[in-house]
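A short worksheet on the structure shown next.
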Amino acid sequence: MFKKKVTELLDAALVERPDLFLIDFSINSDNHIKVIIDGDEGVLVEDCIFISRAIEADLDREEEDFSLEVMSAGAASPLTHNRQYKKNLNRNLKVKTSKGEVEGTLTEAAEDAITLTWKAREPKPVGKGKVTVQKEAHIPYKEIVEAKVMIKF
C-alpha cells in the first residue's frame, strides 16, 4: 500500500515536470525511498527538491515511518534511458555490446539506435604507412549492454 502511494505521488510529480524522467526507484524493507532522476537539460538541486516535496507532502510520518533520498544520475553512471542519449549528443561514449566495445562521439540518437563516430589509423591501401580514416558504428539500443559518458579533463 505504501509503495503504491509513493509511486502515484512520484508519477504525478513527473507528469507535472515532463523535462524530468525516472532512472531508478526503490523502497526497501525499512521504508527507505530512493529516487534517481535525470532531465533533458540536466538536473539541478531544485529539481531534486521539487520531487522530494511532491512525495513528502502527502505522506504522514505518523502512519508510516520513512526516509527519502532523491538524487540525479551521476556523471559516471551508465546511460539506462533512451532520453539520456539525446541529451549527450556530441559527447564521447564508451559502449559495450555483446560483440565488443566501441568508443566514439555520439552523433545521433534515433528512436531505435545510436550512431558513434571516431577516427582510426589504418594501413594505407597501397604502399607503406598509415592513414587516418573516419569510422562509424550504428548500434541498436537492444544490443547495448552498457554505455557511459567518457569524461575528459
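Ordering of the C-alpha cells sets the chain letters (A, B, ...), residue numbers begin anew at 1 in every chain, and ligands are numbered from 1 in the order given.
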
With a distance cut-off of 9 Å and only C-alpha atoms, select the neighbouring residues of Leu22 in chain A, excluding the residue or stretch itself and same-chain residues fewer than 3 positions from it, and output the selection as a ChimeraX atom specification.
/A:14,25,35-39,81

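Distance annotation: of A:Arg83, A:Phe2, A:Asp60, A:Ala13, the residue with the minimal separation from Ser26 in chain A is A:Phe2; atom set is only C-alpha atoms.
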
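Of the residues in range 2-53 of chain A, those that DSSP places in helix (DSSP H, G or I) on the basis of the backbone are Phe2, Lys3, Lys4, Lys5, Val6, Thr7, Glu8, Leu9, Leu10, Asp11, Ala12, Ala13, Leu14, Val15, Glu16, Val45, Glu46, Asp47, Cys48, Ile49, Phe50, Ile51, Ser52 and Arg53 of chain A.
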
Could you tell me how far CA of Arg121 in chain A lies from CA of Val102 in chain A, in Å and to one decimal?
15.1 Å

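Reported to one decimal place, the separation of CA of Val45 in chain A from CA of Arg61 in chain A is 23.8 Å.
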
Residue neighbourhood Gly104 in chain A, 10 Å, only C-alpha atoms, exclusion window fewer than 3 positions, as a ChimeraX atom specification:
/A:90-95,107,115-119,135-137,149-150

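Residue nearest Ile27 in chain A within the list A:Lys3, A:Val43, A:Val131, A:Glu8: A:Lys3 [criterion: smallest interatomic distance, only C-alpha atoms].
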
Skip Ala57 in chain A itself and residues of its chain fewer than 2 positions away, then list as a PDB file with N, CA and C atoms, in the first residue's frame all residues within 12 Å of it, counting only C-alpha atoms.
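Produced file around36.pdb, reproduced below:
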```pdb
ATOM      1  N   LYS A   5       1.254   4.233  -3.024  1.00  0.00           N
ATOM      2  CA  LYS A   5       1.029   5.667  -2.784  1.00  0.00           C
ATOM      3  C   LYS A   5       2.245   6.482  -3.211  1.00  0.00           C
ATOM      4  N   VAL A   6       3.449   6.022  -2.842  1.00  0.00           N
ATOM      5  CA  VAL A   6       4.673   6.734  -3.223  1.00  0.00           C
ATOM      6  C   VAL A   6       4.816   6.759  -4.741  1.00  0.00           C
ATOM      7  N   LEU A   9       2.474   9.362  -6.205  1.00  0.00           N
ATOM      8  CA  LEU A   9       2.976  10.713  -5.957  1.00  0.00           C
ATOM      9  C   LEU A   9       4.147  11.048  -6.881  1.00  0.00           C
ATOM     10  N   LEU A  10       5.044  10.084  -7.059  1.00  0.00           N
ATOM     11  CA  LEU A  10       6.189  10.276  -7.949  1.00  0.00           C
ATOM     12  C   LEU A  10       5.733  10.454  -9.389  1.00  0.00           C
ATOM     13  N   ALA A  13       4.297  13.905  -9.925  1.00  0.00           N
ATOM     14  CA  ALA A  13       5.351  14.926  -9.974  1.00  0.00           C
ATOM     15  C   ALA A  13       6.040  14.926 -11.336  1.00  0.00           C
ATOM     16  N   ILE A  49      14.686  18.794  -5.078  1.00  0.00           N
ATOM     17  CA  ILE A  49      13.822  19.309  -4.016  1.00  0.00           C
ATOM     18  C   ILE A  49      12.359  19.226  -4.439  1.00  0.00           C
ATOM     19  N   PHE A  50      12.061  19.569  -5.680  1.00  0.00           N
ATOM     20  CA  PHE A  50      10.690  19.504  -6.182  1.00  0.00           C
ATOM     21  C   PHE A  50      10.126  18.087  -6.058  1.00  0.00           C
ATOM     22  N   ILE A  51      10.894  17.094  -6.504  1.00  0.00           N
ATOM     23  CA  ILE A  51      10.443  15.699  -6.439  1.00  0.00           C
ATOM     24  C   ILE A  51      10.290  15.265  -4.985  1.00  0.00           C
ATOM     25  N   SER A  52      11.240  15.628  -4.147  1.00  0.00           N
ATOM     26  CA  SER A  52      11.191  15.266  -2.738  1.00  0.00           C
ATOM     27  C   SER A  52       9.944  15.839  -2.064  1.00  0.00           C
ATOM     28  N   ARG A  53       9.677  17.115  -2.297  1.00  0.00           N
ATOM     29  CA  ARG A  53       8.499  17.751  -1.691  1.00  0.00           C
ATOM     30  C   ARG A  53       7.199  17.167  -2.232  1.00  0.00           C
ATOM     31  N   ALA A  54       7.176  16.826  -3.513  1.00  0.00           N
ATOM     32  CA  ALA A  54       5.967  16.256  -4.101  1.00  0.00           C
ATOM     33  C   ALA A  54       5.624  14.913  -3.455  1.00  0.00           C
ATOM     34  N   ILE A  55       6.645  14.158  -3.088  1.00  0.00           N
ATOM     35  CA  ILE A  55       6.416  12.861  -2.446  1.00  0.00           C
ATOM     36  C   ILE A  55       6.082  13.057  -0.967  1.00  0.00           C
ATOM     37  N   LEU A  59       2.561  12.300   2.431  1.00  0.00           N
ATOM     38  CA  LEU A  59       2.860  11.152   3.286  1.00  0.00           C
ATOM     39  C   LEU A  59       2.870  11.601   4.742  1.00  0.00           C
ATOM     40  N   ASP A  60       2.335  10.774   5.597  1.00  0.00           N
ATOM     41  CA  ASP A  60       2.264  11.088   7.025  1.00  0.00           C
ATOM     42  C   ASP A  60       3.250  10.192   7.780  1.00  0.00           C
ATOM     43  N   ARG A  61       4.241  10.799   8.402  1.00  0.00           N
ATOM     44  CA  ARG A  61       5.248  10.026   9.142  1.00  0.00           C
ATOM     45  C   ARG A  61       4.640   9.339  10.367  1.00  0.00           C
ATOM     46  N   LEU A  68      13.673   9.447   2.786  1.00  0.00           N
ATOM     47  CA  LEU A  68      13.569   9.739   1.355  1.00  0.00           C
ATOM     48  C   LEU A  68      14.875  10.310   0.844  1.00  0.00           C
TER      49      LEU A  68
END
```

Just want the 8 Å neighbourhood of Glu146 in chain A, counted on only C-alpha atoms, with same-chain residues fewer than 2 positions away dropped. Output as a PyMOL selection string.
chain A and resi 78-80+95-97+144+148

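In this model, the gap between CA of Glu103 in chain A and CA of Glu143 in chain A comes to 15.0 Å.
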
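Proximity ranking of A:Gly100, A:Gly74, A:Gly42, A:Pro18 relative to Val145 in chain A places A:Gly100 first, based on only C-alpha atoms.
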
As a ChimeraX atom specification, please: every residue in chain A that a backbone DSSP assignment puts in strand (DSSP E or B).
/A:20-27,32-40,42,67-72,92-97,100-109,113-123,130-140,144-149

Any chance you could export the current selection's C-alpha atoms as a tab-separated table (two decimals), in the first residue's frame?
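Final file, again39.tsv:
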```
chain	number	residue	atom	x	y	z
A	20	LEU	CA	12.45	15.18	-15.81
A	21	PHE	CA	12.39	11.40	-16.08
A	22	LEU	CA	12.88	8.48	-13.76
A	23	ILE	CA	16.07	6.44	-13.85
A	24	ASP	CA	15.57	4.27	-10.76
A	25	PHE	CA	13.10	3.98	-7.90
A	26	SER	CA	13.13	1.63	-4.93
A	27	ILE	CA	11.71	1.22	-1.47
A	32	HIS	CA	13.90	3.92	2.67
A	33	ILE	CA	12.71	5.54	-0.56
A	34	LYS	CA	15.41	6.09	-3.17
A	35	VAL	CA	14.62	8.04	-6.35
A	36	ILE	CA	17.15	8.70	-9.11
A	37	ILE	CA	16.09	11.17	-11.79
A	38	ASP	CA	17.58	12.75	-14.88
A	39	GLY	CA	16.44	15.62	-17.07
A	40	ASP	CA	16.57	16.60	-20.70
A	42	GLY	CA	20.32	18.03	-16.68
A	67	SER	CA	13.33	8.15	4.79
A	68	LEU	CA	13.57	9.74	1.36
A	69	GLU	CA	16.57	10.21	-0.90
A	70	VAL	CA	16.20	11.98	-4.26
A	71	MET	CA	19.27	12.36	-6.46
A	72	SER	CA	20.36	12.86	-10.03
A	92	ASN	CA	32.31	10.74	-26.09
A	93	LEU	CA	30.73	7.45	-25.07
A	94	LYS	CA	32.12	4.02	-24.34
A	95	VAL	CA	29.53	1.45	-25.41
A	96	LYS	CA	29.70	-2.24	-24.55
A	97	THR	CA	27.71	-4.64	-26.69
A	100	GLY	CA	32.61	-5.94	-28.10
A	101	GLU	CA	33.34	-2.37	-27.07
A	102	VAL	CA	33.25	0.85	-29.07
A	103	GLU	CA	34.34	4.32	-28.01
A	104	GLY	CA	33.41	7.36	-30.05
A	105	THR	CA	31.43	10.56	-30.33
A	106	LEU	CA	27.66	10.17	-30.13
A	107	THR	CA	26.46	11.82	-33.34
A	108	GLU	CA	22.89	10.52	-33.47
A	109	ALA	CA	20.31	9.17	-31.04
A	113	ALA	CA	19.61	3.09	-32.27
A	114	ILE	CA	22.59	5.37	-31.73
A	115	THR	CA	25.44	6.31	-34.04
A	116	LEU	CA	29.03	6.70	-32.85
A	117	THR	CA	31.87	8.12	-34.93
A	118	TRP	CA	35.62	8.09	-34.30
A	119	LYS	CA	38.93	8.37	-36.12
A	120	ALA	CA	41.25	5.39	-36.52
A	121	ARG	CA	44.68	4.81	-38.05
A	122	GLU	CA	44.75	2.08	-40.67
A	123	PRO	CA	47.38	0.83	-43.11
A	130	LYS	CA	49.09	4.55	-42.14
A	131	VAL	CA	46.22	6.87	-42.92
A	132	THR	CA	43.57	8.35	-40.60
A	133	VAL	CA	40.03	7.28	-41.50
A	134	GLN	CA	36.62	8.21	-40.12
A	135	LYS	CA	34.74	5.22	-38.68
A	136	GLU	CA	31.07	4.93	-37.78
A	137	ALA	CA	29.01	2.40	-35.83
A	138	HIS	CA	25.22	2.17	-35.83
A	139	ILE	CA	24.22	0.37	-32.60
A	140	PRO	CA	20.60	-0.61	-31.80
A	144	ILE	CA	23.76	-2.12	-25.77
A	145	VAL	CA	24.91	-3.87	-22.60
A	146	GLU	CA	26.33	-0.69	-21.02
A	147	ALA	CA	27.04	2.85	-22.18
A	148	LYS	CA	28.94	5.50	-20.25
A	149	VAL	CA	29.88	9.08	-20.99
```

Which of these residues is nearest to Tyr85 in chain A, using only C-alpha atoms: A:Asp47, A:Asp30, A:Glu41, A:Glu56?
A:Glu41

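Distances to Cys48 in chain A were evaluated for A:Ala76, A:Lys128, A:Glu62, A:Arg17 using only C-alpha atoms, and the minimum falls at A:Arg17.
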
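Of the residues under consideration (A:Glu63, A:Lys86, A:Asp11, A:Lys99), A:Glu63 shows the shortest atom-to-atom contact distance to Asn31 in chain A when counting only C-alpha atoms.
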